[in-house]
$ cat structure-v9.pdb   # PDB, C-alpha atoms
ATOM      1  CA  MET O   1      65.628  10.277 107.802
ATOM      2  CA  ALA O   2      63.079   7.508 108.629
ATOM      3  CA  TYR O   3      63.682   3.826 108.041
ATOM      4  CA  VAL O   4      61.145   1.076 107.315
ATOM      5  CA  SER O   5      61.579  -1.987 109.356
ATOM      6  CA  ARG O   6      62.020  -5.367 107.556
ATOM      7  CA  PRO O   7      58.868  -6.962 108.960
ATOM      8  CA  ASN O   8      56.710  -4.234 107.455
ATOM      9  CA  LEU O   9      58.417  -4.586 104.026
ATOM     10  CA  SER O  10      57.757  -8.312 103.867
ATOM     11  CA  ARG O  11      54.058  -7.751 104.539
ATOM     12  CA  LEU O  12      53.851  -5.385 101.598
ATOM     13  CA  ILE O  13      55.381  -7.992  99.273
ATOM     14  CA  LEU O  14      53.368 -10.982 100.449
ATOM     15  CA  LEU O  15      49.942  -9.295 100.363
ATOM     16  CA  PRO O  16      49.652  -9.004  96.536
ATOM     17  CA  LEU O  17      50.898 -12.559  96.167
ATOM     18  CA  ALA O  18      48.188 -13.845  98.472
ATOM     19  CA  ILE O  19      45.448 -12.005  96.581
ATOM     20  CA  GLY O  20      46.703 -13.438  93.261
ATOM     21  CA  ALA O  21      46.695 -16.946  94.664
ATOM     22  CA  ILE O  22      43.118 -16.559  95.820
ATOM     23  CA  LEU O  23      42.019 -15.486  92.306
ATOM     24  CA  VAL O  24      43.807 -18.451  90.725
ATOM     25  CA  LEU O  25      42.124 -20.875  93.086
ATOM     26  CA  ALA O  26      38.733 -19.357  92.341
ATOM     27  CA  ALA O  27      39.224 -19.822  88.575
ATOM     28  CA  CYS O  28      40.259 -23.422  89.027
ATOM     29  CA  ALA O  29      37.160 -24.090  91.096
ATOM     30  CA  GLY O  30      34.925 -23.211  88.049
ATOM     31  CA  VAL O  31      33.667 -19.896  89.223
ATOM     32  CA  GLN O  32      33.352 -17.686  86.136
ATOM     33  CA  PRO O  33      32.008 -14.173  85.862
ATOM     34  CA  GLN O  34      28.562 -14.004  84.178
ATOM     35  CA  ALA O  35      27.814 -11.540  81.400
ATOM     36  CA  ALA O  36      24.755  -9.387  81.561
ATOM     37  CA  PRO O  37      21.796 -11.214  79.898
ATOM     38  CA  THR O  38      20.775  -9.988  76.443
ATOM     39  CA  ALA O  39      17.285 -10.009  75.055
ATOM     40  CA  LYS O  40      16.411 -12.774  72.630
ATOM     41  CA  PRO O  41      16.002 -11.617  69.001
ATOM     42  CA  THR O  42      12.446 -12.960  68.908
ATOM     43  CA  GLU O  43      11.585 -10.841  71.956
ATOM     44  CA  ALA O  44      13.317  -7.664  70.811
ATOM     45  CA  LEU O  45      11.875  -7.547  67.262
ATOM     46  CA  PRO O  46       8.170  -7.889  66.406
ATOM     47  CA  LYS O  47       7.156 -10.676  64.093
ATOM     48  CA  PRO O  48       6.627  -9.547  60.472
ATOM     49  CA  THR O  49       3.071 -10.897  60.473
ATOM     50  CA  GLU O  50       2.258  -8.761  63.556
ATOM     51  CA  ALA O  51       4.045  -5.557  62.494
ATOM     52  CA  MET O  52       2.905  -5.438  58.857
ATOM     53  CA  PRO O  53      -0.604  -6.038  57.475
ATOM     54  CA  LYS O  54      -1.114  -8.826  55.021
ATOM     55  CA  PRO O  55      -1.093  -7.740  51.330
ATOM     56  CA  THR O  56      -4.629  -9.024  50.829
ATOM     57  CA  GLU O  57      -5.843  -6.773  53.704
ATOM     58  CA  ALA O  58      -3.894  -3.615  52.885
ATOM     59  CA  MET O  59      -4.349  -3.664  49.102
ATOM     60  CA  ALA O  60      -7.417  -4.328  46.969
ATOM     61  CA  LYS O  61      -7.339  -7.439  44.852
ATOM     62  CA  PRO O  62      -6.644  -6.812  41.115
ATOM     63  CA  THR O  63      -9.989  -8.360  40.202
ATOM     64  CA  GLU O  64     -11.754  -5.831  42.487
ATOM     65  CA  ALA O  65      -9.726  -2.737  41.526
ATOM     66  CA  MET O  66      -9.652  -3.272  37.752
ATOM     67  CA  PRO O  67     -12.476  -4.339  35.428
ATOM     68  CA  LYS O  68     -12.099  -7.526  33.478
ATOM     69  CA  PRO O  69     -10.793  -7.062  29.874
ATOM     70  CA  THR O  70     -14.017  -8.486  28.496
ATOM     71  CA  GLU O  71     -15.967  -5.796  30.409
ATOM     72  CA  ALA O  72     -13.702  -2.841  29.649
ATOM     73  CA  MET O  73     -13.065  -3.574  25.982
ATOM     74  CA  ALA O  74     -15.455  -4.558  23.234
ATOM     75  CA  LYS O  75     -14.849  -7.870  21.533
ATOM     76  CA  PRO O  76     -13.177  -7.604  18.073
ATOM     77  CA  THR O  77     -16.125  -9.368  16.482
ATOM     78  CA  GLU O  78     -18.423  -6.652  17.861
ATOM     79  CA  ALA O  79     -16.188  -3.687  17.074
ATOM     80  CA  MET O  80     -15.067  -4.658  13.569
ATOM     81  CA  PRO O  81     -17.177  -5.959  10.699
ATOM     82  CA  LYS O  82     -16.202  -9.131   8.916
ATOM     83  CA  PRO O  83     -14.002  -8.641   5.791
ATOM     84  CA  THR O  84     -16.787  -9.933   3.555
ATOM     85  CA  GLU O  85     -19.088  -7.232   4.930
ATOM     86  CA  ALA O  86     -16.573  -4.401   4.785
ATOM     87  CA  MET O  87     -15.167  -4.962   1.278
ATOM     88  CA  ALA O  88     -17.224  -4.566  -1.890
ATOM     89  CA  LYS O  89     -16.799  -7.037  -4.738
ATOM     90  CA  PRO O  90     -14.918  -5.847  -7.867
ATOM     91  CA  ALA O  91     -16.923  -4.267 -10.699
ATOM     92  CA  TRP O  92     -16.371  -7.166 -13.110
ATOM     93  CA  GLN O  93     -18.290  -9.402 -10.679
ATOM     94  CA  THR O  94     -21.178  -7.001 -10.064
ATOM     95  CA  THR O  95     -21.762  -5.657 -13.600
ATOM     96  CA  LYS O  96     -25.050  -6.906 -15.026
ATOM     97  CA  LEU O  97     -24.965  -9.550 -17.744
ATOM     98  CA  THR O  98     -27.898 -10.701 -19.883
ATOM     99  CA  ASP O  99     -28.640 -14.383 -20.276
ATOM    100  CA  ALA O 100     -28.593 -15.008 -24.053
ATOM    101  CA  ARG O 101     -31.477 -17.489 -23.857
ATOM    102  CA  THR O 102     -33.836 -16.028 -21.257
ATOM    103  CA  GLY O 103     -33.024 -12.315 -21.458
ATOM    104  CA  LYS O 104     -32.810 -12.160 -17.650
ATOM    105  CA  THR O 105     -29.977 -10.199 -16.065
ATOM    106  CA  PHE O 106     -27.505 -11.681 -13.604
ATOM    107  CA  THR O 107     -23.998 -11.033 -12.256
ATOM    108  CA  LEU O 108     -21.066 -13.299 -11.516
ATOM    109  CA  ALA O 109     -21.601 -12.491  -7.826
ATOM    110  CA  ASP O 110     -25.114 -13.978  -7.787
ATOM    111  CA  PHE O 111     -23.997 -17.482  -6.774
ATOM    112  CA  PRO O 112     -22.808 -17.353  -3.132
ATOM    113  CA  GLY O 113     -21.801 -20.711  -1.717
ATOM    114  CA  LYS O 114     -21.337 -22.217  -5.192
ATOM    115  CA  THR O 115     -18.308 -22.789  -7.414
ATOM    116  CA  VAL O 116     -18.539 -20.703 -10.603
ATOM    117  CA  PHE O 117     -16.560 -21.683 -13.718
ATOM    118  CA  VAL O 118     -16.255 -18.862 -16.278
ATOM    119  CA  GLU O 119     -15.054 -19.472 -19.860
ATOM    120  CA  ASN O 120     -14.458 -16.470 -22.141
ATOM    121  CA  MET O 121     -15.085 -17.498 -25.755
ATOM    122  CA  ALA O 122     -16.107 -16.513 -29.290
ATOM    123  CA  THR O 123     -18.478 -18.251 -31.697
ATOM    124  CA  TRP O 124     -15.848 -18.250 -34.470
ATOM    125  CA  CYS O 125     -13.128 -19.812 -32.258
ATOM    126  CA  ALA O 126     -12.433 -23.548 -32.896
ATOM    127  CA  ASN O 127     -10.404 -23.853 -29.684
ATOM    128  CA  CYS O 128     -13.326 -22.411 -27.737
ATOM    129  CA  ALA O 129     -15.722 -24.973 -29.228
ATOM    130  CA  GLN O 130     -13.411 -27.831 -28.183
ATOM    131  CA  GLN O 131     -12.960 -26.473 -24.665
ATOM    132  CA  LEU O 132     -16.707 -25.926 -24.274
ATOM    133  CA  ARG O 133     -17.280 -29.591 -25.159
ATOM    134  CA  TYR O 134     -14.998 -30.493 -22.258
ATOM    135  CA  VAL O 135     -17.057 -28.157 -20.081
ATOM    136  CA  LYS O 136     -20.265 -29.889 -21.213
ATOM    137  CA  ASP O 137     -18.868 -33.318 -20.249
ATOM    138  CA  ALA O 138     -17.679 -32.051 -16.861
ATOM    139  CA  GLN O 139     -21.069 -30.453 -16.194
ATOM    140  CA  ALA O 140     -22.745 -33.850 -16.571
ATOM    141  CA  LYS O 141     -20.545 -35.258 -13.769
ATOM    142  CA  LEU O 142     -20.995 -32.451 -11.228
ATOM    143  CA  ASP O 143     -23.863 -31.381  -8.970
ATOM    144  CA  PRO O 144     -25.668 -28.385 -10.558
ATOM    145  CA  ASN O 145     -26.569 -27.187  -7.068
ATOM    146  CA  LYS O 146     -22.872 -26.810  -6.269
ATOM    147  CA  VAL O 147     -21.208 -25.824  -9.564
ATOM    148  CA  VAL O 148     -22.315 -23.206 -12.120
ATOM    149  CA  PHE O 149     -20.897 -22.922 -15.676
ATOM    150  CA  ILE O 150     -20.952 -19.606 -17.557
ATOM    151  CA  ALA O 151     -19.618 -18.812 -21.049
ATOM    152  CA  LEU O 152     -18.998 -15.153 -21.936
ATOM    153  CA  SER O 153     -18.626 -14.122 -25.573
ATOM    154  CA  VAL O 154     -16.036 -11.401 -26.199
ATOM    155  CA  GLU O 155     -17.892 -10.457 -29.436
ATOM    156  CA  SER O 156     -19.398  -7.230 -28.101
ATOM    157  CA  ASP O 157     -21.259  -6.512 -31.373
ATOM    158  CA  LEU O 158     -22.953  -9.935 -31.452
ATOM    159  CA  LYS O 159     -26.658 -10.225 -30.665
ATOM    160  CA  PRO O 160     -27.585 -12.417 -27.677
ATOM    161  CA  ALA O 161     -29.937 -14.423 -29.931
ATOM    162  CA  ASP O 162     -27.011 -15.410 -32.146
ATOM    163  CA  VAL O 163     -25.051 -16.679 -29.144
ATOM    164  CA  ALA O 164     -28.108 -18.593 -27.925
ATOM    165  CA  SER O 165     -28.448 -20.243 -31.350
ATOM    166  CA  TYR O 166     -24.767 -21.227 -31.292
ATOM    167  CA  ALA O 167     -25.133 -22.777 -27.826
ATOM    168  CA  ASP O 168     -28.315 -24.659 -28.705
ATOM    169  CA  LYS O 169     -26.844 -26.190 -31.865
ATOM    170  CA  ALA O 170     -23.781 -27.412 -29.936
ATOM    171  CA  GLY O 171     -25.865 -28.748 -27.054
ATOM    172  CA  PHE O 172     -24.220 -26.511 -24.457
ATOM    173  CA  ASN O 173     -26.775 -26.461 -21.667
ATOM    174  CA  PHE O 174     -25.289 -23.711 -19.496
ATOM    175  CA  GLN O 175     -25.501 -19.929 -19.301
ATOM    176  CA  PHE O 176     -24.200 -17.724 -22.135
ATOM    177  CA  ALA O 177     -23.912 -13.946 -22.258
ATOM    178  CA  VAL O 178     -22.259 -11.282 -24.420
ATOM    179  CA  LEU O 179     -19.729  -8.858 -22.906
ATOM    180  CA  ASN O 180     -20.142  -5.214 -23.956
ATOM    181  CA  ALA O 181     -17.225  -2.808 -24.444
ATOM    182  CA  GLU O 182     -17.246  -1.659 -20.804
ATOM    183  CA  GLN O 183     -17.282  -5.220 -19.509
ATOM    184  CA  LEU O 184     -14.415  -6.182 -21.815
ATOM    185  CA  LYS O 185     -12.359  -3.376 -20.272
ATOM    186  CA  LEU O 186     -13.198  -4.602 -16.766
ATOM    187  CA  MET O 187     -12.003  -8.093 -17.725
ATOM    188  CA  VAL O 188      -8.737  -6.693 -19.072
ATOM    189  CA  ASP O 189      -8.219  -4.585 -15.941
ATOM    190  CA  ALA O 190      -8.774  -7.627 -13.737
ATOM    191  CA  PHE O 191      -6.944 -10.372 -15.680
ATOM    192  CA  GLY O 192      -4.962  -8.779 -18.525
ATOM    193  CA  PHE O 193      -5.484  -8.869 -22.309
ATOM    194  CA  THR O 194      -5.290 -12.661 -22.380
ATOM    195  CA  ALA O 195      -8.759 -12.717 -20.830
ATOM    196  CA  ILE O 196     -10.296 -11.491 -24.114
ATOM    197  CA  ASN O 197      -8.119 -13.616 -26.433
ATOM    198  CA  PRO O 198     -10.492 -16.553 -27.212
ATOM    199  CA  PRO O 199      -8.010 -18.964 -28.898
ATOM    200  CA  SER O 200      -6.058 -19.157 -25.628
ATOM    201  CA  THR O 201      -9.256 -20.539 -23.997
ATOM    202  CA  PRO O 202      -9.084 -18.165 -20.996
ATOM    203  CA  HIS O 203     -11.039 -19.272 -17.936
ATOM    204  CA  PHE O 204     -11.121 -18.772 -14.170
ATOM    205  CA  VAL O 205     -12.934 -20.084 -11.103
ATOM    206  CA  ILE O 206     -14.808 -18.257  -8.340
ATOM    207  CA  LYS O 207     -14.786 -20.349  -5.163
ATOM    208  CA  PRO O 208     -17.823 -20.721  -2.856
ATOM    209  CA  ASP O 209     -16.178 -18.343  -0.372
ATOM    210  CA  GLY O 210     -15.722 -15.683  -3.066
ATOM    211  CA  MET O 211     -12.013 -16.244  -3.674
ATOM    212  CA  VAL O 212     -11.024 -15.985  -7.363
ATOM    213  CA  SER O 213      -8.381 -18.103  -9.070
ATOM    214  CA  LYS O 214      -5.794 -16.656 -11.399
ATOM    215  CA  LEU O 215      -6.608 -16.632 -15.104
ATOM    216  CA  LEU O 216      -6.003 -20.084 -16.615
ATOM    217  CA  THR O 217      -5.433 -20.904 -20.295
ATOM    218  CA  GLY O 218      -5.105 -23.956 -22.532
ATOM    219  CA  PHE O 219      -7.246 -27.030 -22.907
ATOM    220  CA  VAL O 220      -8.576 -28.681 -19.748
ATOM    221  CA  ASP O 221     -10.367 -31.973 -20.333
ATOM    222  CA  ALA O 222     -13.497 -33.091 -18.511
ATOM    223  CA  ASN O 223     -11.716 -35.187 -15.868
ATOM    224  CA  ALA O 224      -9.304 -32.394 -15.050
ATOM    225  CA  LEU O 225     -12.200 -29.949 -14.815
ATOM    226  CA  VAL O 226     -14.089 -32.223 -12.433
ATOM    227  CA  LYS O 227     -11.024 -32.474 -10.222
ATOM    228  CA  LEU O 228     -10.431 -28.706 -10.372
ATOM    229  CA  LEU O 229     -14.026 -27.841  -9.521
ATOM    230  CA  SER O 230     -14.355 -30.427  -6.749
ATOM    231  CA  GLN O 231     -11.572 -28.960  -4.615
TER     232      GLN O 231
END
$ encode --input "structure-v9.pdb" --output "structure tokens"
Amino acid sequence: MAYVSRPNLSRLILLPLAIGAILVLAACAGVQPQAAPTAKPTEALPKPTEAMPKPTEAMAKPTEAMPKPTEAMAKPTEAMPKPTEAMAKPAWQTTKLTDARTGKTFTLADFPGKTVFVENMATWCANCAQQLRYVKDAQAKLDPNKVVFIALSVESDLKPADVASYADKAGFNFQFAVLNAEQLKLMVDAFGFTAINPPSTPHFVIKPDGMVSKLLTGFVDANALVKLLSQ
């Protein structure tokens, strides 16, 4: 059996202690291990502006790829006619009437751009005579180039000459005509039976733009008529 001498054993114990002391002294002296250098992010990754093309270079501009709406589509005013051109006037406006004095034919649609006042009446009707006097007074206060007055007799069997005589005697200096049976029916279809009931003094207005008022009844004096027809 071999024995280790004491001097050799002490060397084995002191050697690790000496190495540890050296390492401690090195740390205290500020000597630190350095980590391996890493690449900077800006060096490792390409810049977006270098790696990817600009949108304006890679893609066509919308104005170049697509036609303008005004070029691809027709304007509504070119594709569609105006309502006044597309829609025909009702039959009661376009049916031919005969002027009781002159014998010339006309229609209620023959006065574009003017206000047309229409009074349905009868020669035997006292209310009609009173209302027509109001119409006469209003006519004197309004511009004949802007407002037209027309009286239509519902007496379909009456001769135009008789209506003309009635108008002349009363001093009614506006157009008169006689409605025939067909025209009476058109009036009823458009405004109801009240339109051919003279004592109710039925009347209506056609505006310069072609719009038609509802059927009005009752007495309307000259001042009220002037106000109504000046709007």
$ resolve_selection --input "structure-v9.pdb" --expression "the PyMOL selection byres ((chain O and resi 121) around 6)" --output "list in words"
Asn120, Ala122, Cys128, Leu152, Ser153 and Pro198 of chain O
$ closest_residue --input "structure-v9.pdb" --among "O:Thr105, O:Ser156, O:Asn180, O:Thr98" --to "Thr123 in chain O" --atoms "only C-alpha atoms"
O:Ser156
$ atom_distance --input "structure-v9.pdb" --atom1 "CA of Ala190 in chain O" --atom2 "CA of Leu216 in chain O"
13.1 Å
$ closest_residue --input "structure-v9.pdb" --among "O:Asn197, O:Asn145, O:Gln130, O:Asn173" --to "Asp221 in chain O" --atoms "only C-alpha atoms"
O:Gln130
$ residues_around --input "structure-v9.pdb" --residues "range 140-144 of chain O" --least-positions-apart "6" --cutoff "9 Å" --atoms "all atoms listed in the file" --output "ChimeraX atom specification"
/O:222,226,229-230
$ resolve_selection --input "structure-v9.pdb" --expression "the PyMOL selection byres ((chain O and resi 119) around 9)" --output "PDB file with C-alpha atoms, keeping the file's coordinate frame"
ATOM      1  CA  PHE O 117     -16.560 -21.683 -13.718  1.00  0.00           C
ATOM      2  CA  VAL O 118     -16.255 -18.862 -16.278  1.00  0.00           C
ATOM      3  CA  ASN O 120     -14.458 -16.470 -22.141  1.00  0.00           C
ATOM      4  CA  MET O 121     -15.085 -17.498 -25.755  1.00  0.00           C
ATOM      5  CA  CYS O 128     -13.326 -22.411 -27.737  1.00  0.00           C
ATOM      6  CA  GLN O 131     -12.960 -26.473 -24.665  1.00  0.00           C
ATOM      7  CA  LEU O 132     -16.707 -25.926 -24.274  1.00  0.00           C
ATOM      8  CA  VAL O 135     -17.057 -28.157 -20.081  1.00  0.00           C
ATOM      9  CA  PHE O 149     -20.897 -22.922 -15.676  1.00  0.00           C
ATOM     10  CA  ILE O 150     -20.952 -19.606 -17.557  1.00  0.00           C
ATOM     11  CA  ALA O 151     -19.618 -18.812 -21.049  1.00  0.00           C
ATOM     12  CA  LEU O 152     -18.998 -15.153 -21.936  1.00  0.00           C
ATOM     13  CA  SER O 153     -18.626 -14.122 -25.573  1.00  0.00           C
ATOM     14  CA  THR O 201      -9.256 -20.539 -23.997  1.00  0.00           C
ATOM     15  CA  PRO O 202      -9.084 -18.165 -20.996  1.00  0.00           C
ATOM     16  CA  HIS O 203     -11.039 -19.272 -17.936  1.00  0.00           C
ATOM     17  CA  PHE O 204     -11.121 -18.772 -14.170  1.00  0.00           C
TER      18      PHE O 204
END
$ atom_distance --input "structure-v9.pdb" --atom1 "CA of Val178 in chain O" --atom2 "CA of Ala100 in chain O"
7.4 Å
$ resolve_selection --input "structure-v9.pdb" --expression "the PyMOL selection byres ((chain O and resi 183) around 12)" --output "ChimeraX atom specification"
/O:90-98,107-108,120,152-156,177-182,184-190,195-196
$ atom_distance --input "structure-v9.pdb" --atom1 "CA of Pro160 in chain O" --atom2 "CA of Lys104 in chain O"
11.3 Å
$ closest_residue --input "structure-v9.pdb" --among "O:Tyr134, O:Phe193, O:Trp124, O:Phe174" --to "Asp162 in chain O" --atoms "all atoms listed in the file"
O:Trp124
$ residues_near_point --input "structure-v9.pdb" --point "(-15.5, -16.9, -4.8)" --cutoff "9 Å" --atoms "only C-alpha atoms" --output "list in words"
Ala109, Phe111, Pro112, Gly113, Lys114, Thr115, Val116, Val205, Ile206, Lys207, Pro208, Asp209, Gly210, Met211, Val212 and Ser213 of chain O
$ closest_residue --input "structure-v9.pdb" --among "O:Val148, O:Gln231, O:Ser200, O:Leu158" --to "Phe219 in chain O" --atoms "only C-alpha atoms"
O:Ser200
